[in-house]
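Q: I'd like to ask some things about the structure below.
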Amino acid sequence: MHRYEALRSLESNARTYAATFEQVFEYGHGMRLRDSAGREIIDCLACAGALPLGHNHPEVRDAIIEFMHSGHVHQALDLTTPAKYEFVEKLFSLLPPNFASKAKIQFCGPSGSDAVEAAMKLVRHATQRHPIIAFHGAYHGMTSGALAAMGNLGPKIHAGPNASIGIHFAPFPYTYRCPFGTDGSQTEELSLNYLETMLSDPESGITKPAAVIVEVVQGEGGCIPVSDAWLRALRAITQEHDVRLIIDEVQSGFGRTGTMFAFERAGIVPDVLVLSKALGGGFPLAAVVYGRDLDVWPRGTHAGTFRGNQIAMVSGRKAMEIIVRDRLQENAAQMGALLMNGLRSIAARFPVLGDVRGRGLMIGVEVIKPSDELIAGPQDGNMARDIKLAAFERGLLLETGGRHGAVLRMLPPLIVTANDVAEVLERFEDAVAEAFAASERVGSPA
């Protein structure tokens, strides 16, 4: 533990994962990690979804090594290179044809936050309008503009009085906890009606926005998916009011939800698509893909030194090839269903597990304080943390998110097998049982 303790004394208080999982992680292969004590850990985090093929995939590794020895340039700003050409060609072949045929791409600094910044800048420039509508529970990044569109108030508390300037928030269709107070059966309809009123009411107080930005499955917000019907209706509303639609697929893209892109299942065409994480096949890369009619911003409007990350383009192209060849988006759908069914079976035995939801391999389990009433019990972030730590003791790495940190999130790599799922479920159930039993002991009278 010497290296961990030494770094802890030097690193910022703002660190996140390292503050929870107090180990030195030395090796990784596929879905497995090994720490400095030689302990094997099943990775259900996959670098927050940025490792679609898990750790050290041999074909990705070999492609990078070959490139490193090839003599090709490793950093090139936004100059044209063979790696860039082949990457863009492959990416556009995976996009829905009715979107790709009219699209252009802008490479950004190598983070999803910067790609969100670019998307917001793009639509504001093209429409000459400033407001943007985001949703409760949204997570779009930590830089200034992206942070403004975040639902979570924690990171915004000390960001100053202009922390959300230019952003208006609408209720997200969180059916398990309907923001309109219904049983969830009307949540989607009511959220659409609310948005329609925001855009059409001459006294809504909101000037015509440039865009609506949305995640098809909210990630950090608690792994909350929307239905295909809701997404189609949202697209229809934005088109009716001449408002652009930005789809943020930083975490959900490239097979994660059971289709190559989460939005395509609904059959819609967004105006802007934001991509990062899995885009680089495990290396930093981010981009926005958008309709040609929006491409009116002048040269240099959005730039950055590392928007030409050649290594990430090589690894990203190889990862896309493998996802398609091995039909890993289908594996994500099948293994995700297997994992969710298992989690629901466990939830039926433990009243602290209130809701299991998600799509594909983007899964959340909401932890609650059990209630005798028909409504969902209050979120229990402390219990979620206890389960997370108990899982880690058993060699299972997962993370929490959502309101009050009460959602246990699972983002295993797309290569997960049925045997992996069975092992995840076994370790997870043991962790829940321990945390639940401990809470029962604490709550018992002396």
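Every chain in the structure tokens has a letter given in the order shown (A, B, ...), and although residue numbers restart at 1 in each chain, ligands are simply numbered from 1 in the order shown.
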From a backbone DSSP assignment, name each residue in segment 227-419 of chain A labelled strand (DSSP E), as a PyMOL selection string.
A: chain A and resi 244-248+272-275+287-291+353-359+362-367+396-397+399-401+407-410
Q: What lies within 7 Å of segment 119-128 of chain A using only C-alpha atoms, ignoring chain neighbours under 5 positions off, as a list in words?
A: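 Contacts, with the query itself left out: Ala210, Ala211, Val272, Val288, Leu294, Val296 and Trp297 of chain A.
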Q: I'd like the neighbourhood of Met362 of chain A as a PyMOL selection string, where a residue qualifies if any of its atoms comes within 9 Å (using only C-alpha atoms), though same-chain residues fewer than 3 positions away should be ignored.
A: chain A and resi 49+217+219+223+251-252+256-257+332+336+357-359+409-412
Q: Can those selected residues be exported to a file as an mmCIF file, in the first residue's frame so that it contains N, CA and C atoms?
A:
data_model
loop_
_atom_site.group_PDB
_atom_site.id
_atom_site.type_symbol
_atom_site.label_atom_id
_atom_site.label_comp_id
_atom_site.auth_asym_id
_atom_site.auth_seq_id
_atom_site.Cartn_x
_atom_site.Cartn_y
_atom_site.Cartn_z
ATOM 1 N N GLY A 49 -17.079 3.201 -18.930
ATOM 2 C CA GLY A 49 -17.585 2.868 -20.255
ATOM 3 C C GLY A 49 -16.624 3.150 -21.389
ATOM 4 N N VAL A 217 -29.947 7.461 -22.442
ATOM 5 C CA VAL A 217 -29.911 6.823 -21.121
ATOM 6 C C VAL A 217 -29.067 7.732 -20.237
ATOM 7 N N GLY A 219 -26.650 8.611 -17.605
ATOM 8 C CA GLY A 219 -25.637 7.785 -16.975
ATOM 9 C C GLY A 219 -25.424 8.143 -15.519
ATOM 10 N N CYS A 223 -28.669 6.097 -14.432
ATOM 11 C CA CYS A 223 -28.924 5.046 -15.429
ATOM 12 C C CYS A 223 -30.422 4.945 -15.743
ATOM 13 N N GLN A 251 -21.390 8.265 -23.243
ATOM 14 C CA GLN A 251 -21.301 6.999 -22.521
ATOM 15 C C GLN A 251 -22.089 5.871 -23.171
ATOM 16 N N SER A 252 -23.122 6.189 -23.927
ATOM 17 C CA SER A 252 -24.016 5.148 -24.439
ATOM 18 C C SER A 252 -23.661 4.664 -25.836
ATOM 19 N N ARG A 256 -23.018 -0.041 -26.472
ATOM 20 C CA ARG A 256 -23.234 -0.118 -25.029
ATOM 21 C C ARG A 256 -24.680 -0.479 -24.677
ATOM 22 N N THR A 257 -25.652 0.065 -25.405
ATOM 23 C CA THR A 257 -27.054 -0.143 -25.037
ATOM 24 C C THR A 257 -27.746 -1.230 -25.868
ATOM 25 N N ALA A 332 -24.163 -7.223 -26.022
ATOM 26 C CA ALA A 332 -24.547 -6.287 -24.961
ATOM 27 C C ALA A 332 -26.028 -6.406 -24.645
ATOM 28 N N GLY A 336 -26.880 -8.015 -21.213
ATOM 29 C CA GLY A 336 -27.561 -7.020 -20.386
ATOM 30 C C GLY A 336 -28.883 -7.539 -19.864
ATOM 31 N N ARG A 357 -32.888 -1.043 -13.624
ATOM 32 C CA ARG A 357 -33.250 -0.446 -14.912
ATOM 33 C C ARG A 357 -32.002 -0.272 -15.778
ATOM 34 N N GLY A 358 -32.244 0.097 -17.019
ATOM 35 C CA GLY A 358 -31.147 0.362 -17.930
ATOM 36 C C GLY A 358 -31.456 -0.144 -19.310
ATOM 37 N N ARG A 359 -30.415 -0.222 -20.109
ATOM 38 C CA ARG A 359 -30.528 -0.745 -21.462
ATOM 39 C C ARG A 359 -29.187 -1.347 -21.842
ATOM 40 N N ARG A 409 -24.175 1.379 -10.206
ATOM 41 C CA ARG A 409 -24.089 1.374 -11.666
ATOM 42 C C ARG A 409 -23.146 0.288 -12.166
ATOM 43 N N MET A 410 -23.566 -0.388 -13.223
ATOM 44 C CA MET A 410 -22.759 -1.434 -13.847
ATOM 45 C C MET A 410 -22.557 -1.115 -15.321
ATOM 46 N N LEU A 411 -21.289 -1.058 -15.721
ATOM 47 C CA LEU A 411 -20.910 -0.784 -17.111
ATOM 48 C C LEU A 411 -19.831 -1.779 -17.539
ATOM 49 N N PRO A 412 -20.124 -3.071 -17.525
ATOM 50 C CA PRO A 412 -19.083 -4.032 -17.898
ATOM 51 C C PRO A 412 -18.719 -3.890 -19.376
#
Q: So that I can see what lies close to Ile206 of chain A, please list as a short mmCIF file (atom, residue, chain, number, x, y, z; two decimals) with N, CA and C atoms, in the first residue's frame the residues with an atom at most 8 Å from it, counting only C-alpha atoms and leaving out residues fewer than 6 positions away in the same chain.
A:
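Generated output (around-v7.cif):
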data_model
loop_
_atom_site.label_atom_id
_atom_site.label_comp_id
_atom_site.auth_asym_id
_atom_site.auth_seq_id
_atom_site.Cartn_x
_atom_site.Cartn_y
_atom_site.Cartn_z
N PRO A 131 -30.13 30.38 -25.52
CA PRO A 131 -30.61 29.42 -24.51
C PRO A 131 -30.53 27.98 -25.01
N HIS A 168 -31.88 26.20 -19.41
CA HIS A 168 -33.16 25.98 -18.75
C HIS A 168 -33.36 24.48 -18.60
N MET A 198 -43.09 24.92 -22.55
CA MET A 198 -41.92 25.80 -22.47
C MET A 198 -41.65 26.48 -23.81
N LEU A 199 -41.85 25.73 -24.89
CA LEU A 199 -41.50 26.23 -26.22
C LEU A 199 -42.61 27.03 -26.88
#
Q: Work out how far atom CA of Trp230 of chain A is from atom CA of His404 of chain A, in Å to one decimal.
A: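 The value is 26.0 Å.
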Q: Would you please work out which residue, of A:Glu426, A:Glu189, A:Glu330, A:Glu366, is nearest to Arg177 of chain A when using only C-alpha atoms?
A: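 For Arg177 of chain A, the nearest of the given residues is A:Glu366.
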Q: Check the smallest atom-to-atom distance from each of A:Ser204, A:Gln329, A:Ser111, A:Gln106 to Arg292 of chain A using only C-alpha atoms, then report the winner.
A: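 Smallest distance to Arg292 of chain A is found for A:Gln106.
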Q: So that I can check the secondary structure, give me every residue of segment 55-254 of chain A assigned alpha helix (DSSP H) by backbone DSSP, as a ChimeraX atom specification.
A: /A:58-68,82-94,97-100,112-127,144-148,187-200,228-240
Q: Only C-alpha atoms, please: the residues just picked out, written as a tab-separated table (two decimals), in the first residue's frame.
A:
chain	number	residue	atom	x	y	z
A	58	PRO	CA	-4.72	-8.05	-27.93
A	59	GLU	CA	-5.86	-6.84	-31.35
A	60	VAL	CA	-6.12	-3.22	-30.22
A	61	ARG	CA	-2.75	-3.50	-28.51
A	62	ASP	CA	-1.14	-4.96	-31.65
A	63	ALA	CA	-2.65	-2.25	-33.86
A	64	ILE	CA	-1.20	0.43	-31.60
A	65	ILE	CA	2.23	-1.20	-31.47
A	66	GLU	CA	2.30	-1.52	-35.26
A	67	PHE	CA	1.35	2.13	-35.60
A	68	MET	CA	3.97	3.25	-33.09
A	82	PRO	CA	-3.94	8.11	-42.98
A	83	ALA	CA	-5.05	7.25	-39.44
A	84	LYS	CA	-7.58	10.08	-39.43
A	85	TYR	CA	-8.95	9.23	-42.87
A	86	GLU	CA	-9.42	5.54	-42.00
A	87	PHE	CA	-10.99	6.40	-38.65
A	88	VAL	CA	-13.55	8.81	-40.12
A	89	GLU	CA	-14.36	6.38	-42.91
A	90	LYS	CA	-15.06	3.62	-40.39
A	91	LEU	CA	-17.08	5.83	-38.05
A	92	PHE	CA	-19.33	7.11	-40.83
A	93	SER	CA	-19.94	3.55	-42.01
A	94	LEU	CA	-21.44	2.77	-38.59
A	97	PRO	CA	-27.16	6.17	-43.34
A	98	ASN	CA	-29.84	8.87	-43.18
A	99	PHE	CA	-27.66	10.73	-40.66
A	100	ALA	CA	-24.22	9.96	-42.10
A	112	GLY	CA	-16.63	14.40	-23.67
A	113	SER	CA	-16.88	17.75	-21.90
A	114	ASP	CA	-15.08	19.53	-24.72
A	115	ALA	CA	-17.26	17.83	-27.32
A	116	VAL	CA	-20.35	19.07	-25.45
A	117	GLU	CA	-18.84	22.56	-25.41
A	118	ALA	CA	-18.34	22.31	-29.18
A	119	ALA	CA	-21.91	21.10	-29.73
A	120	MET	CA	-23.37	23.98	-27.73
A	121	LYS	CA	-21.14	26.50	-29.48
A	122	LEU	CA	-22.09	25.05	-32.88
A	123	VAL	CA	-25.86	25.33	-32.43
A	124	ARG	CA	-25.64	28.77	-30.85
A	125	HIS	CA	-23.58	30.06	-33.75
A	126	ALA	CA	-25.83	28.48	-36.38
A	127	THR	CA	-29.13	29.62	-34.87
A	144	SER	CA	-17.94	25.57	-17.78
A	145	GLY	CA	-20.58	25.22	-20.50
A	146	ALA	CA	-21.08	21.50	-19.97
A	147	LEU	CA	-21.29	22.01	-16.21
A	148	ALA	CA	-24.00	24.60	-16.75
A	187	THR	CA	-44.50	10.53	-16.65
A	188	GLU	CA	-43.34	10.52	-20.26
A	189	GLU	CA	-46.49	12.20	-21.55
A	190	LEU	CA	-46.35	14.87	-18.85
A	191	SER	CA	-42.65	15.59	-19.48
A	192	LEU	CA	-43.36	16.11	-23.17
A	193	ASN	CA	-46.31	18.36	-22.39
A	194	TYR	CA	-44.11	20.40	-20.08
A	195	LEU	CA	-41.47	20.83	-22.78
A	196	GLU	CA	-44.09	21.73	-25.39
A	197	THR	CA	-45.42	24.41	-23.05
A	198	MET	CA	-41.92	25.80	-22.47
A	199	LEU	CA	-41.50	26.23	-26.22
A	200	SER	CA	-44.97	27.41	-27.18
A	228	ASP	CA	-38.26	5.03	-28.14
A	229	ALA	CA	-41.69	6.68	-28.28
A	230	TRP	CA	-40.57	9.49	-25.96
A	231	LEU	CA	-37.45	10.14	-28.02
A	232	ARG	CA	-39.46	10.23	-31.25
A	233	ALA	CA	-41.90	12.68	-29.69
A	234	LEU	CA	-39.02	14.85	-28.48
A	235	ARG	CA	-37.60	14.93	-31.98
A	236	ALA	CA	-41.00	15.92	-33.38
A	237	ILE	CA	-41.38	18.75	-30.85
A	238	THR	CA	-37.94	20.18	-31.55
A	239	GLN	CA	-38.53	20.06	-35.31
A	240	GLU	CA	-41.94	21.71	-34.94
